[in-house]
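Undergrad: Input file: structure-v4.csv. Contents: CSV, C-alpha atoms and all ligand atoms.
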```
chain,number,residue,atom,x,y,z
H,18,MET,CA,0.0,0.0,0.0
H,19,VAL,CA,1.3,3.5,-0.9
H,20,HIS,CA,1.7,6.0,1.9
H,21,TYR,CA,1.1,9.5,0.4
H,22,ASP,CA,3.5,11.1,2.8
H,23,GLN,CA,6.2,13.7,2.3
H,24,ASP,CA,8.9,11.1,1.3
H,25,HIS,CA,6.5,9.7,-1.3
H,26,TRP,CA,5.8,13.1,-2.8
H,27,GLU,CA,9.4,14.2,-2.7
H,28,ARG,CA,10.6,11.0,-4.5
H,29,LEU,CA,7.8,11.4,-7.0
H,30,TRP,CA,8.5,15.0,-7.7
H,31,SER,CA,12.2,14.5,-8.0
H,32,ARG,CA,11.7,11.7,-10.6
H,33,THR,CA,9.1,13.7,-12.5
H,34,VAL,CA,11.1,17.0,-12.6
H,35,GLU,CA,14.2,15.1,-13.7
H,36,GLU,CA,12.4,13.3,-16.5
H,37,HIS,CA,9.7,15.7,-17.6
H,38,ALA,CA,10.5,19.2,-16.5
H,39,ASN,CA,9.6,20.7,-19.8
H,40,ILE,CA,6.2,18.9,-20.0
H,41,LEU,CA,5.5,20.0,-16.4
H,42,ALA,CA,6.3,23.6,-17.1
H,43,ARG,CA,3.7,23.6,-20.0
H,44,ARG,CA,0.9,21.8,-18.1
H,45,PRO,CA,-2.3,23.8,-18.3
H,46,PRO,CA,-4.2,24.7,-15.1
H,47,ASN,CA,-6.9,22.3,-13.9
H,48,ALA,CA,-10.2,22.6,-15.8
H,49,HIS,CA,-12.4,22.7,-12.6
H,50,PHE,CA,-10.1,25.5,-11.3
H,51,LEU,CA,-10.3,27.5,-14.5
H,52,SER,CA,-14.1,27.3,-14.7
H,53,THR,CA,-14.3,28.6,-11.1
H,54,VAL,CA,-11.7,31.4,-11.0
H,55,ALA,CA,-11.8,32.8,-14.5
H,56,ASP,CA,-14.5,35.3,-13.6
H,57,LEU,CA,-13.3,36.2,-10.1
H,58,PRO,CA,-11.7,39.6,-9.6
H,59,PRO,CA,-8.0,39.2,-8.6
H,60,GLY,CA,-7.1,39.5,-5.0
H,61,ARG,CA,-5.2,37.4,-2.5
H,62,ALA,CA,-5.2,33.6,-3.1
H,63,LEU,CA,-3.9,30.5,-1.3
H,64,ASP,CA,-3.0,27.5,-3.4
H,65,ALA,CA,-2.7,24.7,-0.9
H,66,GLY,CA,-0.8,21.7,-2.2
H,67,CYS,CA,0.4,23.7,-5.3
H,68,GLY,CA,2.7,20.9,-6.7
H,69,HIS,CA,4.3,22.0,-10.0
H,70,GLY,CA,2.5,25.4,-9.7
H,71,ALA,CA,0.3,25.6,-12.8
H,72,GLU,CA,-2.6,27.1,-11.0
H,73,THR,CA,-0.4,29.4,-8.8
H,74,ILE,CA,1.3,30.7,-11.9
H,75,TRP,CA,-2.0,31.2,-13.8
H,76,LEU,CA,-3.3,33.2,-10.8
H,77,ALA,CA,-0.2,35.4,-10.6
H,78,ALA,CA,-0.3,36.0,-14.4
H,79,HIS,CA,-3.9,37.2,-13.9
H,80,GLY,CA,-3.1,39.7,-11.2
H,81,TRP,CA,-3.5,37.6,-8.1
H,82,LYS,CA,-1.1,37.8,-5.1
H,83,VAL,CA,-0.6,34.1,-4.3
H,84,THR,CA,0.6,32.1,-1.3
H,85,ALA,CA,1.5,28.7,-2.6
H,86,VAL,CA,2.1,25.9,-0.1
H,87,ASP,CA,3.5,22.4,-0.6
H,88,PHE,CA,5.6,20.1,1.5
H,89,SER,CA,7.8,19.0,-1.5
H,90,ALA,CA,10.9,21.2,-1.7
H,91,THR,CA,11.5,19.8,-5.2
H,92,ALA,CA,8.0,20.7,-6.5
H,93,LEU,CA,8.4,24.2,-5.0
H,94,ALA,CA,11.8,24.7,-6.5
H,95,HIS,CA,10.6,23.7,-10.0
H,96,ALA,CA,7.5,25.9,-9.7
H,97,ARG,CA,9.5,28.8,-8.5
H,98,SER,CA,11.9,28.5,-11.5
H,99,VAL,CA,9.1,28.3,-14.0
H,100,ALA,CA,7.5,31.5,-12.4
H,101,ALA,CA,10.9,33.2,-12.5
H,102,SER,CA,11.3,32.3,-16.2
H,103,LEU,CA,8.0,34.2,-16.9
H,104,GLY,CA,9.4,37.5,-15.6
H,105,GLU,CA,9.6,39.5,-12.4
H,106,THR,CA,6.0,40.7,-12.5
H,107,ILE,CA,4.6,37.2,-12.1
H,108,ALA,CA,7.4,35.9,-9.9
H,109,GLN,CA,7.1,38.7,-7.3
H,110,ARG,CA,3.4,38.1,-6.9
H,111,ILE,CA,4.0,34.6,-5.5
H,112,ASP,CA,5.1,33.6,-2.0
H,113,TRP,CA,6.3,30.0,-2.1
H,114,VAL,CA,5.9,28.3,1.3
H,115,GLU,CA,7.2,24.9,2.3
H,116,GLY,CA,4.7,23.6,4.8
H,117,ASP,CA,2.7,20.5,5.8
H,118,LEU,CA,-1.0,21.0,5.3
H,119,GLY,CA,-1.6,18.4,8.0
H,120,SER,CA,-0.9,21.2,10.4
H,121,TRP,CA,-0.2,24.4,8.4
H,122,ALA,CA,-3.0,27.0,8.9
H,123,PRO,CA,-3.6,30.1,6.9
H,124,ALA,CA,-4.0,33.5,8.6
H,125,ILE,CA,-7.7,33.9,9.5
H,126,ASP,CA,-9.9,35.7,6.9
H,127,ARG,CA,-6.8,36.4,4.8
H,128,PHE,CA,-7.6,35.2,1.3
H,129,ASP,CA,-10.2,36.0,-1.4
H,130,LEU,CA,-9.7,32.5,-2.8
H,131,VAL,CA,-8.4,29.4,-1.2
H,132,THR,CA,-7.9,26.5,-3.6
H,133,CYS,CA,-6.8,22.9,-2.8
H,134,LEU,CA,-6.7,20.4,-5.6
H,135,TYR,CA,-6.1,16.7,-5.2
H,136,VAL,CA,-4.3,16.7,-1.9
H,137,HIS,CA,-4.1,13.4,0.0
H,138,VAL,CA,-5.3,13.9,3.5
H,139,ALA,CA,-3.3,12.1,6.3
H,140,GLY,CA,-5.5,13.2,9.2
H,141,SER,CA,-9.2,14.2,9.3
H,142,VAL,CA,-10.6,15.5,6.0
H,143,GLN,CA,-13.1,17.7,7.9
H,144,GLU,CA,-10.4,19.2,10.0
H,145,MET,CA,-8.4,20.1,7.0
H,146,ILE,CA,-11.4,21.7,5.3
H,147,GLN,CA,-12.1,23.6,8.4
H,148,ARG,CA,-8.5,25.0,8.5
H,149,LEU,CA,-8.5,25.9,4.8
H,150,ALA,CA,-11.9,27.6,5.2
H,151,SER,CA,-10.7,29.7,8.1
H,152,GLY,CA,-8.4,31.5,5.7
H,153,VAL,CA,-11.2,32.7,3.4
H,154,ALA,CA,-12.2,36.3,3.8
H,155,PRO,CA,-15.9,37.3,3.9
H,156,GLY,CA,-17.2,37.2,0.3
H,157,GLY,CA,-14.3,34.9,-0.7
H,158,THR,CA,-14.3,31.5,-2.4
H,159,LEU,CA,-13.2,28.1,-1.4
H,160,LEU,CA,-12.4,25.6,-4.2
H,161,LEU,CA,-11.8,22.0,-3.2
H,162,VAL,CA,-11.2,19.2,-5.6
H,163,GLY,CA,-10.5,15.6,-4.7
H,164,HIS,CA,-10.2,12.2,-6.4
H,165,ARG,CA,-13.0,9.9,-5.4
H,166,PRO,CA,-12.1,6.3,-4.4
H,167,PHE,CA,-15.4,4.8,-5.9
H,168,ASP,CA,-17.5,5.6,-8.9
H,169,PRO,CA,-20.8,6.9,-7.4
H,170,VAL,CA,-22.8,5.5,-10.3
H,171,THR,CA,-21.3,2.0,-10.6
H,172,GLY,CA,-19.7,1.6,-7.2
H,173,ALA,CA,-16.6,0.3,-8.8
H,174,PRO,CA,-13.2,1.3,-7.4
H,175,THR,CA,-11.5,4.2,-9.3
H,176,PRO,CA,-7.7,4.5,-9.8
H,177,ALA,CA,-7.8,6.5,-6.5
H,178,ALA,CA,-9.3,3.6,-4.5
H,179,ASP,CA,-6.5,3.7,-1.9
H,180,GLN,CA,-6.6,7.5,-1.3
H,181,VAL,CA,-8.3,9.7,1.2
H,182,GLN,CA,-9.2,13.0,-0.3
H,183,ILE,CA,-11.7,15.8,0.1
H,184,SER,CA,-15.3,14.7,-0.6
H,185,VAL,CA,-18.6,16.4,-1.1
H,186,GLU,CA,-20.0,14.7,2.0
H,187,ALA,CA,-17.2,16.0,4.2
H,188,ALA,CA,-17.5,19.6,2.9
H,189,LYS,CA,-21.3,19.6,3.3
H,190,ALA,CA,-21.0,18.2,6.8
H,191,GLN,CA,-18.3,20.7,7.9
H,192,PRO,CA,-20.1,22.9,10.5
H,193,ASP,CA,-18.1,26.0,9.7
H,194,LEU,CA,-19.5,25.9,6.2
H,195,ARG,CA,-23.1,25.7,7.4
H,196,HIS,CA,-23.9,29.3,6.3
H,197,TRP,CA,-21.8,29.4,3.1
H,198,GLU,CA,-23.3,29.3,-0.4
H,199,PHE,CA,-22.4,26.1,-2.2
H,200,ILE,CA,-22.1,27.0,-5.8
H,201,VAL,CA,-20.9,23.6,-6.9
H,202,ALA,CA,-20.9,20.4,-4.7
H,203,GLU,CA,-20.9,17.4,-7.0
H,204,GLU,CA,-19.0,14.5,-8.4
H,205,ARG,CA,-17.9,14.6,-12.0
H,206,GLN,CA,-16.3,12.1,-14.3
H,207,ARG,CA,-12.8,13.2,-15.2
H,208,THR,CA,-12.4,13.9,-18.9
H,209,VAL,CA,-8.7,14.6,-18.8
H,210,ALA,CA,-5.7,12.9,-17.4
H,211,ALA,CA,-7.0,9.3,-17.2
H,212,SER,CA,-10.2,8.0,-15.8
H,213,GLY,CA,-11.7,8.6,-12.5
H,214,VAL,CA,-14.2,10.7,-10.6
H,215,ASP,CA,-13.6,14.1,-9.0
H,216,ALA,CA,-15.4,15.7,-6.1
H,217,VAL,CA,-15.7,19.4,-6.9
H,218,ILE,CA,-16.8,21.9,-4.2
H,219,GLN,CA,-17.0,25.6,-4.8
H,220,ALA,CA,-18.3,27.5,-1.8
H,221,ARG,CA,-18.6,31.2,-1.2
H,222,ARG,CA,-18.4,32.7,2.3
H,223,ARG,CA,-21.2,35.1,2.7
H,224,GLY,CA,-19.9,38.7,3.0
H,301,LIG,C1,-1.7,15.3,-6.8
H,301,LIG,S1,-0.6,16.6,-6.4
H,301,LIG,C2,-1.6,18.0,-6.9
H,301,LIG,C3,-0.8,19.2,-7.2
H,301,LIG,C4,-1.7,20.4,-7.8
H,301,LIG,N1,-2.6,20.8,-6.8
H,301,LIG,C5,-2.4,19.9,-9.0
H,301,LIG,O1,-3.7,19.9,-9.0
H,301,LIG,O2,-1.8,19.7,-10.0
H,301,LIG,C6,-0.7,16.7,-4.7
H,301,LIG,C7,0.2,17.7,-4.1
H,301,LIG,O3,-0.1,17.9,-2.7
H,301,LIG,C8,1.2,18.0,-2.0
H,301,LIG,N2,0.8,17.5,-0.7
H,301,LIG,C9,0.3,16.3,-0.3
H,301,LIG,N3,0.1,16.2,1.0
H,301,LIG,C10,0.6,17.4,1.5
H,301,LIG,C11,0.7,17.9,2.8
H,301,LIG,N4,0.3,17.3,3.9
H,301,LIG,N5,1.2,19.2,3.0
H,301,LIG,C12,1.6,19.9,1.9
H,301,LIG,N6,1.6,19.4,0.6
H,301,LIG,C13,1.0,18.2,0.4
H,301,LIG,C14,2.1,17.0,-2.8
H,301,LIG,O4,3.5,17.3,-2.6
H,301,LIG,C15,1.7,17.4,-4.2
H,301,LIG,O5,2.4,18.4,-4.7
```
Could you rewrite the structure in this file as structure tokens?
TA:
Amino acid sequence: MVHYDQDHWERLWSRTVEEHANILARRPPNAHFLSTVADLPPGRALDAGCGHGAETIWLAAHGWKVTAVDFSATALAHARSVAASLGETIAQRIDWVEGDLGSWAPAIDRFDLVTCLYVHVAGSVQEMIQRLASGVAPGGTLLLVGHRPFDPVTGAPTPAADQVQISVEAAKAQPDLRHWEFIVAEERQRTVAASGVDAVIQARRRG
């Protein structure tokens, strides 16, 4: 069984950056992400579990000031160098932070957008959602996307069957989100990057 811990990710990112740095640097941002943020006015964003940085860099290129957190030093170094290659205006809008989302908490009410895509949760999913949500400013947006372990229609295991990630049930059951507006809270078949099912949660904190 795979343990999705820091060692696992560091090894995976070291191999991937070594073998596919150019492909990584050109990877487009996630489709769920783009459909959510494209119409939001730029402000302060947190990209939790930023990985190779495609979403972080897109945000910075569109005027956002971004805090990008990951516990893989290799992924952060790669992302930082891609951002630097795009020029100072983009690079200086990003604060790269090496941190463990199992305990790292954003400053309260700090961000207009908090996004967390496909991060494996070692502890309680609800507790992580609560910590991420605490960083969203009044009127701000929380975007969570997670792989689902089972296909909701067929019940068959997906390629993510051994993973614990954010789910629609966990987000909806989080007491701190009780008064938020859920704009999207659904499971969607993945149409890019292999098969599977994604839980997509877009919630707005009322202002
Ligand atoms: C599947 S990748 C997703 C990367 C990016 N969000 C995307 O959608 O392309 C998961 C990322 O979360 C990071 N990660 C997983 N658990 C983490 C934790 N506890 N703290 C910080 N980063 C973590 C990994 O290093 C990896 O970069």
Undergrad: Against ligand LIG 301 (chain H), which residues of chain H fall within 6 Å? For each one I want the closest pair of atoms and the distance in Å (one decimal), counting all atoms listed in the file, rows by chain and increasing residue number, as JSON lines.
TA:
```
{"residue": "H:Trp26", "atom": "CA", "partner": "H:LIG301", "partner_atom": "O4", "distance": 4.8}
{"residue": "H:Gly66", "atom": "CA", "partner": "H:LIG301", "partner_atom": "O3", "distance": 3.9}
{"residue": "H:Cys67", "atom": "CA", "partner": "H:LIG301", "partner_atom": "N1", "distance": 4.4}
{"residue": "H:Gly68", "atom": "CA", "partner": "H:LIG301", "partner_atom": "O5", "distance": 3.2}
{"residue": "H:Asp87", "atom": "CA", "partner": "H:LIG301", "partner_atom": "N6", "distance": 3.7}
{"residue": "H:Phe88", "atom": "CA", "partner": "H:LIG301", "partner_atom": "C12", "distance": 4.0}
{"residue": "H:Ser89", "atom": "CA", "partner": "H:LIG301", "partner_atom": "O4", "distance": 4.8}
{"residue": "H:Gly116", "atom": "CA", "partner": "H:LIG301", "partner_atom": "C12", "distance": 5.6}
{"residue": "H:Asp117", "atom": "CA", "partner": "H:LIG301", "partner_atom": "N5", "distance": 3.4}
{"residue": "H:Leu118", "atom": "CA", "partner": "H:LIG301", "partner_atom": "N5", "distance": 3.7}
{"residue": "H:Gly119", "atom": "CA", "partner": "H:LIG301", "partner_atom": "N4", "distance": 4.7}
{"residue": "H:Leu134", "atom": "CA", "partner": "H:LIG301", "partner_atom": "N1", "distance": 4.3}
{"residue": "H:Tyr135", "atom": "CA", "partner": "H:LIG301", "partner_atom": "C1", "distance": 4.9}
{"residue": "H:Val136", "atom": "CA", "partner": "H:LIG301", "partner_atom": "O3", "distance": 4.4}
{"residue": "H:His137", "atom": "CA", "partner": "H:LIG301", "partner_atom": "N3", "distance": 5.1}
```
Undergrad: If I take atom CA of Asp64 of chain H and atom CA of Trp121 of chain H, how far is one from the other in Å, to one decimal?
TA: 12.5 Å
Undergrad: Compute the distance from (-9.0, 21.5, -5.8) to each atom, counting only C-alpha atoms, keep the residues with any atom at most 8 Å away, and return them as JSON, numbers by chain; use the coordinates of the file.
TA: {"H": [49, 50, 132, 133, 134, 135, 136, 160, 161, 162, 163, 217, 218]}
Undergrad: Skip Met18 of chain H itself and residues of its chain fewer than 4 positions away, then list as a PyMOL selection string all residues within 12 Å of it, counting all atoms listed in the file.
TA: chain H and resi 22+25+178-180
Undergrad: Emit the selected residues as an mmCIF file, in the coordinates of the input, including C-alpha atoms.
TA:
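Listing of result.cif after writing:
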```cif
data_model
loop_
_atom_site.group_PDB
_atom_site.id
_atom_site.type_symbol
_atom_site.label_atom_id
_atom_site.label_comp_id
_atom_site.auth_asym_id
_atom_site.auth_seq_id
_atom_site.Cartn_x
_atom_site.Cartn_y
_atom_site.Cartn_z
ATOM 1 C CA ASP H 22 3.500 11.100 2.800
ATOM 2 C CA HIS H 25 6.500 9.700 -1.300
ATOM 3 C CA ALA H 178 -9.300 3.600 -4.500
ATOM 4 C CA ASP H 179 -6.500 3.700 -1.900
ATOM 5 C CA GLN H 180 -6.600 7.500 -1.300
#
```
Undergrad: With 8 Å as the threshold, what does the neighbourhood of (-18.7, 34.7, -5.9) contain in terms of residues, counting all atoms listed in the file? Coordinates are those of the file; answer as a PyMOL selection string.
TA: chain H and resi 57+156-158+221
Undergrad: Using only C-alpha atoms, which of H:Val181, H:Ile125, H:Ala77, H:Ala94 sits nearest Ile107 of chain H?
TA: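 Distance minimum relative to Ile107 of chain H lands on H:Ala77.
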Undergrad: Fewer than 3 positions away in the same chain doesn't count, so skip those; otherwise give me all residues within 12 Å of segment 166-175 of chain H, counting all atoms listed in the file, as a list of chain:residue names.
TA: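 The residues that qualify are H:His137, H:Gly163, H:Ala178, H:Asp179, H:Gln180, H:Val181, H:Gln182, H:Ile183, H:Ser184, H:Val185, H:Glu203, H:Glu204, H:Arg205, H:Gln206, H:Arg207, H:Ala211, H:Ser212, H:Gly213, H:Val214, H:Asp215, H:Ala216.
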Undergrad: Considering all atoms listed in the file, return as an NGL selection string whatever protein or nucleic-acid residues lie within 8 Å of segment 58-61 of chain H, sequence-local ones (same chain, fewer than 2 positions apart) excluded.
TA: :H and (56 or 63 or 76 or 79-84 or 127-130)
Undergrad: Enter the distance from atom CA of Ser120 of chain H to atom CA of Ala38 of chain H, in Å, rounded to one decimal.
TA: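 For atom CA of Ser120 of chain H relative to atom CA of Ala38 of chain H, the distance reads 29.3 Å.
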Undergrad: Quick one, how far is atom CA of Glu72 of chain H from atom CA of Pro45 of chain H?
TA: 8.0 Å
Undergrad: Show me, as a PDB file with C-alpha atoms, in the coordinates of the input, the residues that have an atom within 10 Å of Leu29 of chain H when counting only C-alpha atoms, minus same-chain residues fewer than 4 positions from it.
TA:
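Done, and the output landed in selection-v5.pdb:
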```pdb
ATOM      1  CA  GLN H  23       6.200  13.700   2.300  1.00  0.00           C
ATOM      2  CA  ASP H  24       8.900  11.100   1.300  1.00  0.00           C
ATOM      3  CA  HIS H  25       6.500   9.700  -1.300  1.00  0.00           C
ATOM      4  CA  THR H  33       9.100  13.700 -12.500  1.00  0.00           C
ATOM      5  CA  VAL H  34      11.100  17.000 -12.600  1.00  0.00           C
ATOM      6  CA  GLU H  35      14.200  15.100 -13.700  1.00  0.00           C
ATOM      7  CA  SER H  89       7.800  19.000  -1.500  1.00  0.00           C
ATOM      8  CA  THR H  91      11.500  19.800  -5.200  1.00  0.00           C
ATOM      9  CA  ALA H  92       8.000  20.700  -6.500  1.00  0.00           C
TER      10      ALA H  92
END
```
Undergrad: Which is closer to Pro192 of chain H than all the others in H:Ala139, H:Ile146, H:Ala48, H:Ala220, using all atoms listed in the file?
TA: H:Ile146
Undergrad: Calculated over all atoms listed in the file, which of the candidates H:Asp193, H:Val142, H:Leu93, H:Ala101 has the smallest distance to Trp113 of chain H?
TA: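 Ranked by minimum distance to Trp113 of chain H, first place goes to H:Leu93.
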